[in-house]
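Shown next: upload09.txt, given as compact mmCIF, N, CA, C and O atoms.
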# COMPACT_ATOMS: atom_id res chain seq x y z
N MET A 1 60.74 112.06 94.18
CA MET A 1 61.02 111.84 95.59
C MET A 1 60.63 110.42 95.94
O MET A 1 59.54 109.97 95.60
N PRO A 2 61.51 109.70 96.64
CA PRO A 2 61.18 108.32 97.00
C PRO A 2 60.06 108.26 98.03
O PRO A 2 59.90 109.16 98.86
N ILE A 3 59.32 107.17 97.96
CA ILE A 3 58.21 106.96 98.87
C ILE A 3 58.58 105.95 99.95
O ILE A 3 58.24 106.11 101.12
N ILE A 4 59.31 104.93 99.53
CA ILE A 4 59.68 103.84 100.45
C ILE A 4 60.73 104.34 101.43
O ILE A 4 61.65 105.10 101.07
N LYS A 5 60.60 103.89 102.68
CA LYS A 5 61.46 104.37 103.76
C LYS A 5 62.94 104.09 103.48
O LYS A 5 63.80 104.96 103.68
N SER A 6 63.26 102.90 103.00
CA SER A 6 64.67 102.55 102.74
C SER A 6 65.23 103.39 101.60
O SER A 6 66.41 103.75 101.61
N ALA A 7 64.39 103.73 100.63
CA ALA A 7 64.85 104.56 99.51
C ALA A 7 65.13 105.98 100.00
O ALA A 7 66.09 106.62 99.55
N LYS A 8 64.30 106.47 100.93
CA LYS A 8 64.54 107.80 101.51
C LYS A 8 65.88 107.82 102.24
O LYS A 8 66.65 108.78 102.15
N LYS A 9 66.16 106.73 102.97
CA LYS A 9 67.42 106.65 103.71
C LYS A 9 68.59 106.61 102.74
O LYS A 9 69.62 107.25 102.98
N ARG A 10 68.47 105.88 101.65
CA ARG A 10 69.56 105.80 100.67
C ARG A 10 69.87 107.17 100.09
O ARG A 10 71.02 107.51 99.83
N VAL A 11 68.82 107.99 99.88
CA VAL A 11 69.03 109.34 99.37
C VAL A 11 69.87 110.16 100.36
O VAL A 11 70.83 110.84 99.98
N LYS A 12 69.52 110.06 101.65
CA LYS A 12 70.26 110.79 102.68
C LYS A 12 71.71 110.32 102.76
O LYS A 12 72.65 111.13 102.84
N VAL A 13 71.90 109.01 102.75
CA VAL A 13 73.24 108.43 102.84
C VAL A 13 74.08 108.83 101.62
O VAL A 13 75.26 109.18 101.75
N ALA A 14 73.45 108.81 100.45
CA ALA A 14 74.16 109.17 99.22
C ALA A 14 74.58 110.64 99.25
O ALA A 14 75.68 110.99 98.79
N GLN A 15 73.73 111.50 99.80
CA GLN A 15 74.08 112.92 99.89
C GLN A 15 75.27 113.14 100.82
O GLN A 15 76.18 113.92 100.51
N LYS A 16 75.28 112.42 101.96
CA LYS A 16 76.40 112.54 102.89
C LYS A 16 77.70 112.06 102.24
O LYS A 16 78.75 112.69 102.37
N ALA A 17 77.60 110.92 101.54
CA ALA A 17 78.79 110.37 100.88
C ALA A 17 79.29 111.32 99.81
O ALA A 17 80.50 111.51 99.64
N ASN A 18 78.36 111.93 99.09
CA ASN A 18 78.72 112.87 98.03
C ASN A 18 79.48 114.06 98.61
O ASN A 18 80.49 114.50 98.06
N LEU A 19 79.02 114.58 99.75
CA LEU A 19 79.72 115.70 100.39
C LEU A 19 81.14 115.31 100.81
O LEU A 19 82.09 116.07 100.61
N ARG A 20 81.28 114.10 101.38
CA ARG A 20 82.60 113.63 101.78
C ARG A 20 83.52 113.50 100.56
O ARG A 20 84.69 113.91 100.59
N ASN A 21 82.98 112.91 99.48
CA ASN A 21 83.79 112.70 98.29
C ASN A 21 84.21 114.01 97.65
O ASN A 21 85.34 114.16 97.19
N VAL A 22 83.29 114.98 97.63
CA VAL A 22 83.61 116.28 97.05
C VAL A 22 84.71 116.95 97.85
O VAL A 22 85.65 117.54 97.28
N LYS A 23 84.64 116.85 99.17
CA LYS A 23 85.67 117.44 100.04
C LYS A 23 87.04 116.81 99.77
O LYS A 23 88.05 117.51 99.66
N THR A 24 87.07 115.49 99.66
CA THR A 24 88.32 114.78 99.41
C THR A 24 88.89 115.17 98.05
O THR A 24 90.09 115.42 97.91
N LYS A 25 88.03 115.21 97.03
CA LYS A 25 88.48 115.55 95.69
C LYS A 25 88.97 116.99 95.63
O LYS A 25 89.97 117.29 94.97
N ARG A 26 88.29 117.89 96.33
CA ARG A 26 88.69 119.29 96.35
C ARG A 26 90.07 119.44 97.00
O ARG A 26 90.94 120.16 96.48
N SER A 27 90.30 118.77 98.12
CA SER A 27 91.60 118.88 98.78
C SER A 27 92.71 118.31 97.90
O SER A 27 93.83 118.82 97.89
N MET A 28 92.38 117.25 97.14
CA MET A 28 93.36 116.68 96.22
C MET A 28 93.71 117.68 95.12
O MET A 28 94.88 117.91 94.81
N ARG A 29 92.70 118.31 94.56
CA ARG A 29 92.93 119.29 93.50
C ARG A 29 93.74 120.48 94.02
O ARG A 29 94.62 120.99 93.32
N GLU A 30 93.42 120.93 95.22
CA GLU A 30 94.15 122.05 95.80
C GLU A 30 95.63 121.71 95.99
O GLU A 30 96.51 122.54 95.74
N ALA A 31 95.89 120.49 96.43
CA ALA A 31 97.27 120.06 96.63
C ALA A 31 98.01 119.99 95.29
O ALA A 31 99.19 120.38 95.20
N LEU A 32 97.32 119.52 94.26
CA LEU A 32 97.95 119.44 92.93
C LEU A 32 98.22 120.84 92.38
O LEU A 32 99.28 121.09 91.77
N LYS A 33 97.30 121.78 92.60
CA LYS A 33 97.50 123.15 92.13
C LYS A 33 98.65 123.81 92.89
O LYS A 33 99.45 124.55 92.31
N ALA A 34 98.72 123.55 94.20
CA ALA A 34 99.80 124.10 95.00
C ALA A 34 101.15 123.56 94.52
O ALA A 34 102.14 124.31 94.44
N PHE A 35 101.17 122.28 94.17
CA PHE A 35 102.40 121.68 93.65
C PHE A 35 102.81 122.35 92.35
O PHE A 35 103.98 122.69 92.15
N ALA A 36 101.84 122.56 91.45
CA ALA A 36 102.14 123.20 90.17
C ALA A 36 102.67 124.61 90.37
O ALA A 36 103.59 125.06 89.66
N LYS A 37 102.11 125.33 91.33
CA LYS A 37 102.54 126.70 91.61
C LYS A 37 103.97 126.72 92.14
O LYS A 37 104.80 127.53 91.71
N VAL A 38 104.28 125.81 93.06
CA VAL A 38 105.63 125.74 93.64
C VAL A 38 106.62 125.27 92.59
O VAL A 38 107.77 125.72 92.55
N LEU A 39 106.17 124.38 91.71
CA LEU A 39 107.04 123.84 90.67
C LEU A 39 107.52 124.96 89.74
O LEU A 39 108.67 124.95 89.30
N ALA A 40 106.64 125.92 89.47
CA ALA A 40 106.99 127.02 88.58
C ALA A 40 108.09 127.91 89.17
O ALA A 40 109.00 128.32 88.45
N SER A 41 107.99 128.19 90.45
CA SER A 41 109.00 129.06 91.06
C SER A 41 109.18 128.68 92.52
O SER A 41 108.54 129.22 93.41
N GLY A 42 110.03 127.72 92.75
CA GLY A 42 110.28 127.30 94.13
C GLY A 42 111.62 126.60 94.25
O GLY A 42 112.21 126.17 93.27
N THR A 43 112.08 126.49 95.48
CA THR A 43 113.34 125.80 95.73
C THR A 43 113.09 124.29 95.70
O THR A 43 111.95 123.84 95.86
N PRO A 44 114.12 123.50 95.52
CA PRO A 44 113.95 122.05 95.54
C PRO A 44 113.31 121.53 96.82
O PRO A 44 112.51 120.60 96.79
N ALA A 45 113.62 122.15 97.94
CA ALA A 45 113.03 121.72 99.22
C ALA A 45 111.53 121.98 99.23
O ALA A 45 110.74 121.15 99.69
N GLU A 46 111.12 123.15 98.72
CA GLU A 46 109.69 123.47 98.66
C GLU A 46 108.97 122.54 97.71
O GLU A 46 107.84 122.12 97.97
N ILE A 47 109.62 122.22 96.59
CA ILE A 47 109.02 121.31 95.61
C ILE A 47 108.82 119.93 96.23
O ILE A 47 107.77 119.31 96.07
N SER A 48 109.82 119.47 96.96
CA SER A 48 109.72 118.15 97.61
C SER A 48 108.57 118.12 98.61
O SER A 48 107.82 117.15 98.68
N GLU A 49 108.44 119.19 99.38
CA GLU A 49 107.37 119.26 100.38
C GLU A 49 105.99 119.30 99.71
O GLU A 49 105.06 118.62 100.14
N ALA A 50 105.87 120.08 98.64
CA ALA A 50 104.59 120.16 97.92
C ALA A 50 104.26 118.82 97.27
O ALA A 50 103.10 118.41 97.25
N GLU A 51 105.29 118.14 96.77
CA GLU A 51 105.07 116.81 96.18
C GLU A 51 104.58 115.84 97.23
O GLU A 51 103.65 115.06 96.99
N ARG A 52 105.19 115.89 98.41
CA ARG A 52 104.78 114.98 99.50
C ARG A 52 103.32 115.19 99.86
O ARG A 52 102.56 114.25 100.02
N LYS A 53 102.92 116.46 99.97
CA LYS A 53 101.53 116.77 100.31
C LYS A 53 100.57 116.33 99.21
O LYS A 53 99.49 115.81 99.49
N ALA A 54 100.96 116.54 97.95
CA ALA A 54 100.11 116.16 96.83
C ALA A 54 99.95 114.64 96.75
O ALA A 54 98.85 114.13 96.54
N VAL A 55 101.05 113.92 96.96
CA VAL A 55 100.99 112.46 96.94
C VAL A 55 100.11 111.95 98.07
O VAL A 55 99.32 111.01 97.90
N SER A 56 100.20 112.58 99.23
CA SER A 56 99.37 112.20 100.36
C SER A 56 97.89 112.40 100.03
O SER A 56 97.06 111.54 100.33
N ALA A 57 97.57 113.53 99.41
CA ALA A 57 96.17 113.81 99.06
C ALA A 57 95.66 112.81 98.01
O ALA A 57 94.52 112.34 98.10
N ILE A 58 96.52 112.47 97.06
CA ILE A 58 96.14 111.49 96.03
C ILE A 58 95.91 110.13 96.67
O ILE A 58 94.93 109.43 96.37
N ASP A 59 96.80 109.73 97.57
CA ASP A 59 96.66 108.43 98.25
C ASP A 59 95.35 108.38 99.05
O ASP A 59 94.67 107.36 99.08
N GLN A 60 95.03 109.47 99.70
CA GLN A 60 93.81 109.50 100.51
C GLN A 60 92.57 109.38 99.62
O GLN A 60 91.63 108.66 99.96
N ALA A 61 92.58 110.05 98.47
CA ALA A 61 91.45 109.97 97.54
C ALA A 61 91.32 108.55 96.99
O ALA A 61 90.21 108.03 96.85
N ALA A 62 92.44 107.90 96.72
CA ALA A 62 92.40 106.53 96.21
C ALA A 62 91.93 105.57 97.29
O ALA A 62 91.16 104.63 97.02
N LYS A 63 92.37 105.80 98.51
CA LYS A 63 91.97 104.94 99.63
C LYS A 63 90.46 105.00 99.86
O LYS A 63 89.83 104.00 100.17
N LYS A 64 89.89 106.20 99.69
CA LYS A 64 88.45 106.38 99.89
C LYS A 64 87.65 106.08 98.63
O LYS A 64 86.46 106.34 98.58
N ALA A 65 88.32 105.59 97.58
CA ALA A 65 87.70 105.22 96.31
C ALA A 65 87.05 106.40 95.61
O ALA A 65 86.08 106.24 94.88
N VAL A 66 87.58 107.60 95.84
CA VAL A 66 87.10 108.78 95.11
C VAL A 66 87.68 108.75 93.71
O VAL A 66 87.01 109.12 92.74
N ILE A 67 88.94 108.31 93.61
CA ILE A 67 89.55 108.08 92.31
C ILE A 67 90.05 106.64 92.27
O ILE A 67 90.25 106.02 93.31
N HIS A 68 90.24 106.12 91.07
CA HIS A 68 90.69 104.74 90.92
C HIS A 68 92.16 104.62 91.30
O HIS A 68 92.93 105.58 91.13
N LYS A 69 92.55 103.47 91.81
CA LYS A 69 93.94 103.30 92.27
C LYS A 69 94.94 103.43 91.13
O LYS A 69 96.05 103.92 91.33
N ASN A 70 94.56 103.03 89.92
CA ASN A 70 95.47 103.17 88.79
C ASN A 70 95.65 104.63 88.40
O ASN A 70 96.74 105.06 88.01
N LYS A 71 94.58 105.41 88.51
CA LYS A 71 94.68 106.84 88.23
C LYS A 71 95.59 107.50 89.26
O LYS A 71 96.40 108.36 88.92
N ALA A 72 95.47 107.07 90.51
CA ALA A 72 96.32 107.61 91.56
C ALA A 72 97.78 107.30 91.27
O ALA A 72 98.65 108.18 91.40
N ALA A 73 98.06 106.08 90.86
CA ALA A 73 99.44 105.69 90.55
C ALA A 73 99.98 106.51 89.38
O ALA A 73 101.14 106.96 89.41
N ARG A 74 99.15 106.72 88.39
CA ARG A 74 99.54 107.49 87.22
C ARG A 74 99.85 108.94 87.60
O ARG A 74 100.86 109.51 87.18
N GLN A 75 99.00 109.53 88.43
CA GLN A 75 99.21 110.92 88.85
C GLN A 75 100.46 111.05 89.70
O GLN A 75 101.23 112.01 89.56
N LYS A 76 100.69 110.09 90.60
CA LYS A 76 101.88 110.14 91.45
C LYS A 76 103.15 110.00 90.62
O LYS A 76 104.15 110.68 90.89
N ALA A 77 103.11 109.16 89.60
CA ALA A 77 104.28 108.99 88.74
C ALA A 77 104.57 110.28 87.98
O ALA A 77 105.73 110.69 87.84
N ALA A 78 103.52 110.95 87.52
CA ALA A 78 103.70 112.21 86.80
C ALA A 78 104.27 113.28 87.73
O ALA A 78 105.17 114.05 87.34
N LEU A 79 103.76 113.34 88.96
CA LEU A 79 104.28 114.31 89.94
C LEU A 79 105.76 114.07 90.20
O LEU A 79 106.56 114.99 90.24
N SER A 80 106.09 112.81 90.40
CA SER A 80 107.46 112.44 90.70
C SER A 80 108.40 112.82 89.55
O SER A 80 109.49 113.35 89.77
N ALA A 81 107.95 112.58 88.32
CA ALA A 81 108.76 112.91 87.14
C ALA A 81 108.97 114.42 87.05
O ALA A 81 110.08 114.88 86.76
N LYS A 82 107.92 115.19 87.31
CA LYS A 82 108.03 116.65 87.25
C LYS A 82 108.97 117.17 88.34
O LYS A 82 109.79 118.06 88.09
N ALA A 83 108.84 116.62 89.53
CA ALA A 83 109.69 117.05 90.64
C ALA A 83 111.15 116.70 90.37
O ALA A 83 112.05 117.49 90.64
N LYS A 84 111.37 115.52 89.81
CA LYS A 84 112.73 115.09 89.51
C LYS A 84 113.35 115.98 88.44
O LYS A 84 114.52 116.36 88.53
N ALA A 85 112.55 116.34 87.42
CA ALA A 85 113.04 117.22 86.36
C ALA A 85 113.38 118.60 86.90
O ALA A 85 114.27 119.27 86.39
N ALA A 86 112.67 119.02 87.95
CA ALA A 86 112.93 120.33 88.55
C ALA A 86 114.12 120.30 89.51
O ALA A 86 114.52 121.33 90.04
N GLY A 87 114.64 119.11 89.77
CA GLY A 87 115.82 118.99 90.62
C GLY A 87 115.52 118.73 92.07
O GLY A 87 116.41 118.84 92.92
N ALA A 88 114.30 118.37 92.39
CA ALA A 88 113.95 118.08 93.78
C ALA A 88 114.35 116.66 94.12
O ALA A 88 114.27 115.76 93.29
N LYS A 89 114.79 116.48 95.35
CA LYS A 89 115.17 115.14 95.79
C LYS A 89 113.99 114.48 96.47
O LYS A 89 113.12 115.13 97.04
N LYS A 90 113.97 113.19 96.43
CA LYS A 90 112.88 112.42 97.04
C LYS A 90 112.97 112.56 98.55
O LYS A 90 114.01 112.35 99.15
N THR A 91 111.84 112.92 99.19
CA THR A 91 111.85 113.15 100.63
C THR A 91 111.30 111.97 101.41
O THR A 91 111.34 111.96 102.63
N THR A 92 110.78 110.99 100.72
CA THR A 92 110.19 109.86 101.42
C THR A 92 111.26 108.83 101.72
O THR A 92 111.27 107.74 101.20
N ALA A 93 112.22 109.23 102.55
CA ALA A 93 113.30 108.33 102.93
C ALA A 93 112.77 107.25 103.85
O ALA A 93 112.06 107.53 104.82
N LYS A 94 113.10 106.04 103.52
CA LYS A 94 112.66 104.92 104.36
C LYS A 94 113.59 104.77 105.55
O LYS A 94 114.77 105.12 105.49
N LYS A 95 113.04 104.26 106.61
CA LYS A 95 113.84 104.01 107.79
C LYS A 95 114.82 102.89 107.47
O LYS A 95 114.49 101.97 106.73
N PRO A 96 116.01 102.93 108.04
CA PRO A 96 116.96 101.86 107.77
C PRO A 96 116.40 100.53 108.29
O PRO A 96 115.80 100.47 109.36
N ALA A 97 116.60 99.52 107.49
CA ALA A 97 116.06 98.21 107.85
C ALA A 97 116.80 97.67 109.08
O ALA A 97 118.03 97.66 109.13
N ALA A 98 116.03 97.26 110.04
CA ALA A 98 116.63 96.70 111.25
C ALA A 98 117.11 95.30 110.93
O ALA A 98 116.43 94.52 110.29
N LYS A 99 118.31 94.99 111.40
CA LYS A 99 118.86 93.67 111.14
C LYS A 99 118.14 92.66 112.02
O LYS A 99 117.97 92.87 113.22
N LYS A 100 117.73 91.59 111.38
CA LYS A 100 117.07 90.54 112.14
C LYS A 100 118.13 89.65 112.79
O LYS A 100 119.16 89.35 112.18
N ALA A 101 117.85 89.27 114.01
CA ALA A 101 118.78 88.39 114.70
C ALA A 101 118.76 87.03 114.01
O ALA A 101 117.70 86.52 113.67
N ALA A 102 119.93 86.51 113.79
CA ALA A 102 120.01 85.21 113.12
C ALA A 102 119.37 84.15 114.01
O ALA A 102 119.75 83.98 115.17
N ALA A 103 118.39 83.49 113.46
CA ALA A 103 117.70 82.46 114.23
C ALA A 103 118.62 81.25 114.35
O ALA A 103 119.17 80.77 113.37
N LYS A 104 118.80 80.79 115.57
CA LYS A 104 119.66 79.63 115.78
C LYS A 104 118.91 78.38 115.39
O LYS A 104 117.74 78.20 115.73
N LYS A 105 119.60 77.53 114.67
CA LYS A 105 118.99 76.27 114.29
C LYS A 105 119.16 75.29 115.46
O LYS A 105 120.19 75.30 116.14
N PRO A 106 118.16 74.45 115.68
CA PRO A 106 118.30 73.48 116.75
C PRO A 106 119.44 72.51 116.44
O PRO A 106 119.68 72.17 115.28
N ALA A 107 120.11 72.09 117.47
CA ALA A 107 121.22 71.15 117.28
C ALA A 107 120.70 69.86 116.69
O ALA A 107 119.61 69.39 117.02
N ALA A 108 121.49 69.29 115.79
CA ALA A 108 121.08 68.05 115.14
C ALA A 108 121.05 66.92 116.17
O ALA A 108 121.92 66.81 117.03
N LYS A 109 120.02 66.11 116.09
CA LYS A 109 119.89 65.00 117.04
C LYS A 109 120.89 63.90 116.68
O LYS A 109 121.17 63.66 115.50
N LYS A 110 121.38 63.25 117.71
CA LYS A 110 122.30 62.13 117.48
C LYS A 110 121.51 60.94 117.00
O LYS A 110 120.37 60.72 117.41
N ALA A 111 122.12 60.18 116.14
CA ALA A 111 121.45 59.00 115.60
C ALA A 111 121.26 57.96 116.68
O ALA A 111 122.11 57.78 117.58
N ALA A 112 120.16 57.27 116.67
CA ALA A 112 119.87 56.23 117.67
C ALA A 112 120.76 55.03 117.40
O ALA A 112 121.04 54.66 116.27
N LYS A 113 121.23 54.38 118.52
CA LYS A 113 122.12 53.22 118.37
C LYS A 113 121.34 51.93 118.26
O LYS A 113 120.32 51.69 118.72
Structure rendered as C-alpha cells:
Amino acid sequence: MPIIKSAKKRVKVAQKANLRNVKTKRSMREALKAFAKVLASGTPAEISEAERKAVSAIDQAAKKAVIHKNKAARQKAALSAKAKAAGAKKTTAKKPAAKKAAAKKPAAKKAAK
C-alpha cells in the first residue's frame, strides 16, 4: 500500500481508468461476438448493421487507446472482408460531395503607361 499522498491518488486514478477500459473492451468484444453470430445466420442487411456497430465499437476502443490503432485497422479490415464474403453491402455511404463554387479570379491589372 502506498504511503505518499500522490501515490495513493495514482492508485485511485488507475483503478478508475481500469474500470473505464474494461467497460470499453467488453462492449467491443460483445459487438464482435454479435457480428459473428449474425454472420453465421443473418440477412445481408443484418450483417451490415452488425458490422457497423462492431466497427464503431472498435473505433471507440482505439480512440480511447484501449487497443492500438493498427490492431483496430486490422480488425476492421477482417470484419469488412467477412461481411463482403457473406454478401453484405457497405452501409457507410458518404454524403455526396458538395460542389464548390468556382472562385473568381481578380481581373488582370492593366499595364502602366
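For the pair atom CA of Ala7 of chain A and atom CA of Lys64 of chain A, the separation is 23.7 Å.
Residues in contact range of Ala88 of chain A, defined as at most 7 Å between all atoms listed in the file, with sequence neighbours fewer than 2 positions away removed, read Thr43, Pro44, Ala45, Ile47, Ser48, Ser80, Lys82, Ala83, Lys84, Ala85, Ala86, Lys90 and Thr91 of chain A.
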Please produce a file of the residues just selected, as a CSV table (one decimal), in the coordinates of the input, where the atoms kept are N, CA, C and O atoms.
chain,number,residue,atom,x,y,z
A,43,THR,N,112.1,126.5,95.5
A,43,THR,CA,113.3,125.8,95.7
A,43,THR,C,113.1,124.3,95.7
A,43,THR,O,112.0,123.8,95.9
A,44,PRO,N,114.1,123.5,95.5
A,44,PRO,CA,114.0,122.0,95.5
A,44,PRO,C,113.3,121.5,96.8
A,44,PRO,O,112.5,120.6,96.8
A,45,ALA,N,113.6,122.2,97.9
A,45,ALA,CA,113.0,121.7,99.2
A,45,ALA,C,111.5,122.0,99.2
A,45,ALA,O,110.7,121.2,99.7
A,47,ILE,N,109.6,122.2,96.6
A,47,ILE,CA,109.0,121.3,95.6
A,47,ILE,C,108.8,119.9,96.2
A,47,ILE,O,107.8,119.3,96.1
A,48,SER,N,109.8,119.5,97.0
A,48,SER,CA,109.7,118.2,97.6
A,48,SER,C,108.6,118.1,98.6
A,48,SER,O,107.8,117.2,98.7
A,80,SER,N,106.1,112.8,90.4
A,80,SER,CA,107.5,112.4,90.7
A,80,SER,C,108.4,112.8,89.6
A,80,SER,O,109.5,113.4,89.8
A,82,LYS,N,107.9,115.2,87.3
A,82,LYS,CA,108.0,116.6,87.2
A,82,LYS,C,109.0,117.2,88.3
A,82,LYS,O,109.8,118.1,88.1
A,83,ALA,N,108.8,116.6,89.5
A,83,ALA,CA,109.7,117.0,90.6
A,83,ALA,C,111.2,116.7,90.4
A,83,ALA,O,112.0,117.5,90.6
A,84,LYS,N,111.4,115.5,89.8
A,84,LYS,CA,112.7,115.1,89.5
A,84,LYS,C,113.4,116.0,88.4
A,84,LYS,O,114.5,116.4,88.5
A,85,ALA,N,112.6,116.3,87.4
A,85,ALA,CA,113.0,117.2,86.4
A,85,ALA,C,113.4,118.6,86.9
A,85,ALA,O,114.3,119.3,86.4
A,86,ALA,N,112.7,119.0,88.0
A,86,ALA,CA,112.9,120.3,88.6
A,86,ALA,C,114.1,120.3,89.5
A,86,ALA,O,114.5,121.3,90.0
A,90,LYS,N,114.0,113.2,96.4
A,90,LYS,CA,112.9,112.4,97.0
A,90,LYS,C,113.0,112.6,98.6
A,90,LYS,O,114.0,112.4,99.2
A,91,THR,N,111.8,112.9,99.2
A,91,THR,CA,111.8,113.2,100.6
A,91,THR,C,111.3,112.0,101.4
A,91,THR,O,111.3,112.0,102.6
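If you count only N, CA, C and O atoms and ignore residues fewer than 6 places along the chain from Asn21 of chain A, what sits within 7 Å of it is A:Gln15, A:Ser27, A:Lys64, A:Val66.
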Where is the centre and how long are the edges: axis-aligned box on segment 50-65 of chain A, 5 Å on each side, Å to one decimal, as JSON:
{"center_x": 96.0, "center_y": 112.1, "center_z": 97.7, "size_x": 29.8, "size_y": 26.2, "size_z": 15.6}
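The residue that comes closest to Lys89 of chain A, out of A:Lys105, A:Glu49, A:Val11, A:Thr24 and on the basis of only N, CA, C and O atoms, is A:Glu49.
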Exercise. Ile67 of chain A: which residues within 8 Å, counting only N, CA, C and O atoms, same-chain residues fewer than 5 positions away excluded, as a list in words?
Worked result: Asn21, Lys25, Ile58, Asp59, Gln60, Ala61, Ala62 and Ala72 of chain A
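If you look at atom CA of Ala65 of chain A and atom CA of Ala77 of chain A, they are 18.6 Å away from each other.
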Problem set entry | Test item: residues at most 8 Å from Leu32 of chain A, only N, CA, C and O atoms, excluding those fewer than 4 positions along its chain, as a PyMOL selection string | chain A and resi 25-28+36-39+50+53-55+57-58
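In this structure, atom O of Glu51 of chain A sits 7.1 Å away from atom CA of Leu79 of chain A.
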For this session: Enumerate the residues of chain A with a DSSP assignment of helix (DSSP H, G or I), computed from the backbone, and present them as a ChimeraX atom specification.
Result: /A:5-40,44-63,69-85
